[in-house]
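Just below is one structure, and these are the notes that go with it.
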Amino acid sequence: MKFSDFKLNNTLLDALYYMNFEEATEIQIQAIPIILEGRDLIGCAQTGTGKTAAFVLPTLNQVSEEPVEGVQVLILCPTRELAIQIDQQIQGIAYFTNATCYPVYGGGDGVSWEAEADALKGGADIIVATPGRLLAHIARGYVRFDTVKHLILDEADRMLDIGFHDDILKIIKELPTERQSLMFSATMAPKIRKLAQAILNEPAEINVAISKPAEGVTQLVYMAHESQKIALVEHILAEHPDFSSVIVFSSTKRKVEQLTRKLSQRKYAVQGMSSDYDQEQREEALRSFKSGQIRIMVATDVMSRGIDIKGIDLVINFDVPTDAEDYVHRIGRTARAKTEGMAITLINEDDMYRFAKIERLIERQLDKLQPPAALGEGPQWSEPERGEGNRNRNSGRSKGRSGKGPQGGGKPRNGRGSGQASAQPGAAQPGAARPEGASGTADANASGVTVAGEAGSGEPGSKPRTGGSRKPRNKRRGGNRPPQSKSEGQS
């Protein structure tokens, strides 16, 4: 289905045409007509399916056709990175309209705080915010939400995982009861349905490709003891020098530092990223990775959701994620927009139960490979009985306790592919000329989940942010960043 088949106004179609987007993705085909009708919606779709454009396009359509003074759309999301990314997409798609957008998230200085306050007083049509920062503004008494017509919760499951349930309900109490409410989530857990019942009014429900890896991802699995993992990663990188963009996910900040240091000693262009890095460091690291100055990014789950980086050739799970659905988000960084990529997971004897859950989720059993002979034999796979948890130790441990394996040899991705908007129109294009923001999200570390992407009090921090400190524009002046064609937008 083409975007021209939707009842979108010409200003939006012009922006999509300029960016060379013609074909809508499945989530867009299902969601856009429902949202244009004004109905509430709960949508389940994984990262990389185009869900952001699925709600941005119809809400922008209504904002541009029914302009009013004040904030009309409130978008809540769990992390700074996602707030910046959504703002960038809106800036591109809204280029030919008069609609204005402003991101509100923690980690800024006093200047950015004042600019956010101006936007929340009615200086922007659309606000994209993290809950903690927004509540800090609301507590000051100047936030005007009486004109809000659309509430959107993006990555609702992640917001609940981080602990924003009560914050979300507090924010919703500030909104008019007559509004359209949309909720998007990568999973449909009972807690999501309970929240939907509380805030949505007779919603339509759509499910698209729930928790299944993209078809273009080649998935490999290596059995490896913990002591073999770093050498195995080095082997993979050396075996595939054609992989120019690699992300390695680790479960703890300590492992991120260890692996980053080892790879740096081997003269690899590598950068670590975790909640130990401040806002400015994270944004600089992400810019360097996107531009190709850094080949390898070693990160906790800071980057597993919501970050639209094109051309990721390889994702390595240094550790098996605790949540089976996080596996899908991690490997979803590669093979986006119908391109090809590779994901390699390293499994030690303690990880077998978790990976068995992953295989049940993706409805596929993967071959378990052994490390190269030079690294010695890894654990033997033995699928645990359900309910055994991590007590299964049939692999016969050696000195190392966990293991993850090498990267594979898939084809590098070639950008967006066939001109579909499956990587979300405007995701990188509009942001190319603007600072690419990045900072922490929820890091899965040894002690559990910590909130790094959301400033605790929401008050101005000590480090200035570089990804969203522009002043809100006066209403109806336009001036959004021009959308770029797909070829121009590749970064």
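Chain lettering (A, B, ...) mirrors the order of the structure tokens, residue numbering begins at 1 for each chain separately, and ligand numbering begins at 1 in order of display.
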Inset, instruction - Quick one: everything within 12 Å of Ala139 (chain A), counting only C-alpha atoms, minus sequence neighbours fewer than 2 positions away in the same chain. Send it as a PyMOL selection string. - result: chain A and resi 117+132-137+141-144+170-171+174+457-459
Would you mind exporting the chosen residues as a PDB file, in the first residue's frame, restricted to N, CA and C atoms?
ATOM      1  N   ALA A 117      10.674  24.723  29.251  1.00  0.00           N
ATOM      2  CA  ALA A 117       9.557  25.383  29.938  1.00  0.00           C
ATOM      3  C   ALA A 117       8.750  26.227  28.962  1.00  0.00           C
ATOM      4  N   GLY A 132      10.033  11.424  33.941  1.00  0.00           N
ATOM      5  CA  GLY A 132      10.607  12.094  35.103  1.00  0.00           C
ATOM      6  C   GLY A 132      10.844  13.570  34.880  1.00  0.00           C
ATOM      7  N   ARG A 133      11.419  13.906  33.734  1.00  0.00           N
ATOM      8  CA  ARG A 133      11.692  15.307  33.420  1.00  0.00           C
ATOM      9  C   ARG A 133      10.393  16.098  33.292  1.00  0.00           C
ATOM     10  N   LEU A 134       9.412  15.503  32.649  1.00  0.00           N
ATOM     11  CA  LEU A 134       8.144  16.201  32.469  1.00  0.00           C
ATOM     12  C   LEU A 134       7.467  16.471  33.809  1.00  0.00           C
ATOM     13  N   LEU A 135       7.499  15.503  34.718  1.00  0.00           N
ATOM     14  CA  LEU A 135       6.892  15.712  36.034  1.00  0.00           C
ATOM     15  C   LEU A 135       7.588  16.833  36.805  1.00  0.00           C
ATOM     16  N   ALA A 136       8.900  16.958  36.627  1.00  0.00           N
ATOM     17  CA  ALA A 136       9.619  18.045  37.295  1.00  0.00           C
ATOM     18  C   ALA A 136       9.114  19.401  36.814  1.00  0.00           C
ATOM     19  N   HIS A 137       8.831  19.501  35.514  1.00  0.00           N
ATOM     20  CA  HIS A 137       8.247  20.748  34.991  1.00  0.00           C
ATOM     21  C   HIS A 137       6.828  20.948  35.509  1.00  0.00           C
ATOM     22  N   GLY A 141       4.251  24.206  38.037  1.00  0.00           N
ATOM     23  CA  GLY A 141       2.956  24.856  37.916  1.00  0.00           C
ATOM     24  C   GLY A 141       2.686  25.613  36.637  1.00  0.00           C
ATOM     25  N   TYR A 142       3.621  25.630  35.696  1.00  0.00           N
ATOM     26  CA  TYR A 142       3.408  26.447  34.493  1.00  0.00           C
ATOM     27  C   TYR A 142       3.064  25.627  33.244  1.00  0.00           C
ATOM     28  N   VAL A 143       3.035  24.316  33.343  1.00  0.00           N
ATOM     29  CA  VAL A 143       2.776  23.487  32.171  1.00  0.00           C
ATOM     30  C   VAL A 143       1.316  23.605  31.762  1.00  0.00           C
ATOM     31  N   ARG A 144       1.086  23.863  30.463  1.00  0.00           N
ATOM     32  CA  ARG A 144      -0.272  24.001  29.932  1.00  0.00           C
ATOM     33  C   ARG A 144      -0.592  22.813  29.032  1.00  0.00           C
ATOM     34  N   LYS A 170       0.245   9.970  36.838  1.00  0.00           N
ATOM     35  CA  LYS A 170       0.245  11.364  37.332  1.00  0.00           C
ATOM     36  C   LYS A 170       0.178  12.340  36.168  1.00  0.00           C
ATOM     37  N   ILE A 171       0.935  12.057  35.124  1.00  0.00           N
ATOM     38  CA  ILE A 171       0.938  12.949  33.957  1.00  0.00           C
ATOM     39  C   ILE A 171      -0.425  12.950  33.282  1.00  0.00           C
ATOM     40  N   GLU A 174      -3.123  15.272  34.324  1.00  0.00           N
ATOM     41  CA  GLU A 174      -2.998  16.672  33.913  1.00  0.00           C
ATOM     42  C   GLU A 174      -3.621  16.928  32.544  1.00  0.00           C
ATOM     43  N   SER A 457      15.576  13.647  39.389  1.00  0.00           N
ATOM     44  CA  SER A 457      14.660  14.701  39.796  1.00  0.00           C
ATOM     45  C   SER A 457      14.134  15.470  38.613  1.00  0.00           C
ATOM     46  N   GLY A 458      14.806  15.340  37.455  1.00  0.00           N
ATOM     47  CA  GLY A 458      14.405  16.105  36.299  1.00  0.00           C
ATOM     48  C   GLY A 458      14.942  17.524  36.316  1.00  0.00           C
ATOM     49  N   GLU A 459      15.634  17.909  37.390  1.00  0.00           N
ATOM     50  CA  GLU A 459      16.164  19.260  37.466  1.00  0.00           C
ATOM     51  C   GLU A 459      17.354  19.410  36.534  1.00  0.00           C
TER      52      GLU A 459
END
Inset, instruction - Please identify which residues in region 17-233 of chain A DSSP calls helix (DSSP H, G or I) from the backbone, and express them as a PyMOL selection string. - result: chain A and resi 17-18+26-36+51-65+80-93+110-123+131-138+156-162+165-172+190-199+226-233
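When only C-alpha atoms are used to measure the gap to Val256 (chain A), the shortest distance among A:Thr300, A:Glu234, A:Leu286, A:Val128 belongs to A:Thr300.
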Inset, instruction - Apply DSSP to the structure's backbone, then extract all residues of region 315-393 of chain A labelled strand (DSSP E) and return them as a ChimeraX atom specification. - result: /A:315-317,341-347,368-369
Inset, instruction - May I have the residues within 9 Å of Ile42 (chain A) as a ChimeraX atom specification, using only C-alpha atoms and disregarding those fewer than 6 positions away in the same chain? - result: /A:181-185,193,196,200,203-207
Please dump the current selection as an mmCIF file, in the first residue's frame; keep C-alpha atoms.
data_model
loop_
_atom_site.group_PDB
_atom_site.id
_atom_site.type_symbol
_atom_site.label_atom_id
_atom_site.label_comp_id
_atom_site.auth_asym_id
_atom_site.auth_seq_id
_atom_site.Cartn_x
_atom_site.Cartn_y
_atom_site.Cartn_z
ATOM 1 C CA SER A 181 -4.831 7.931 23.370
ATOM 2 C CA LEU A 182 -2.418 5.597 21.627
ATOM 3 C CA MET A 183 -0.140 3.000 23.168
ATOM 4 C CA PHE A 184 2.666 1.159 21.421
ATOM 5 C CA SER A 185 4.657 -1.679 22.921
ATOM 6 C CA ARG A 193 -3.049 -4.665 29.111
ATOM 7 C CA ALA A 196 -4.292 0.068 28.538
ATOM 8 C CA LEU A 200 -7.594 3.826 26.681
ATOM 9 C CA PRO A 203 -9.206 0.798 21.785
ATOM 10 C CA ALA A 204 -8.619 -0.988 18.533
ATOM 11 C CA GLU A 205 -5.816 -3.527 18.824
ATOM 12 C CA ILE A 206 -3.197 -4.489 16.253
ATOM 13 C CA ASN A 207 -0.333 -6.966 16.479
#
Inset, instruction - For CA of Leu346 (chain A) and CA of Thr252 (chain A), determine how far apart the two atoms are, in Å to one decimal place. - result: 14.8 Å
Legend entry - Between CA of Asp157 (chain A) and CA of Phe55 (chain A), distance in Å (one decimal): 17.0 Å
Legend entry - Residue contacts of region 3-5 of chain A (10 Å, only C-alpha atoms) excluding same-chain residues fewer than 3 positions away, as a VMD selection string: chain A and resid 8 to 10 12 to 14 16 to 17 21 to 25 28 to 29 32 57 421
Inset, instruction - Find the residues near Asp313 (chain A): any atom within 7 Å, counting only C-alpha atoms, skip ones fewer than 2 places away on the same chain, and give them as a list in words. - result: Phe243, Ser244, Ser245, Val246, Gly311, Thr334, Gly341, Met342, Pro412 and Arg413 of chain A
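Around Lys262 (chain A), within 12 Å and counting only C-alpha atoms, the residues found are Lys229, Ile230, Ala231, Val233, Glu234, Lys255, Val256, Glu257, Gln258, Leu259, Gln265, Arg266, Lys267, Tyr268, Ala269, Val270, Gln271, Gly272 and Val298 of chain A, once anything fewer than 3 positions away on its own chain is removed.
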Please save C-alpha atoms of the selected residues as a compact mmCIF listing (two decimals), in the first residue's frame.
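Final output, out.txt:
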# COMPACT_ATOMS: atom_id res chain seq x y z
CA LYS A 229 34.56 -15.00 25.31
CA ILE A 230 36.94 -12.10 24.72
CA ALA A 231 39.25 -14.23 22.59
CA VAL A 233 35.06 -11.90 19.94
CA GLU A 234 38.56 -11.05 18.73
CA LYS A 255 32.31 -6.28 31.22
CA VAL A 256 31.80 -3.33 28.88
CA GLU A 257 34.96 -1.73 30.25
CA GLN A 258 36.96 -4.97 30.13
CA LEU A 259 36.06 -5.79 26.54
CA GLN A 265 44.75 -2.78 23.03
CA ARG A 266 44.36 -4.81 19.80
CA LYS A 267 44.09 -1.51 17.88
CA TYR A 268 40.40 -1.82 17.07
CA ALA A 269 38.37 1.40 16.70
CA VAL A 270 36.12 0.71 19.69
CA GLN A 271 34.01 2.74 22.11
CA GLY A 272 32.22 1.68 25.29
CA VAL A 298 30.39 -2.16 23.28
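The shortest atom-to-atom distance to Ile75 (chain A), with only C-alpha atoms taken into account, belongs to A:His150 out of A:Arg287, A:Lys51, A:Lys121, A:His150.
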Inset, instruction - Kindly indicate which residue among A:Leu220, A:Ile126, A:Ile331, A:Ile358 lies nearest to Val68 (chain A), using only C-alpha atoms for the distances. - result: A:Ile126
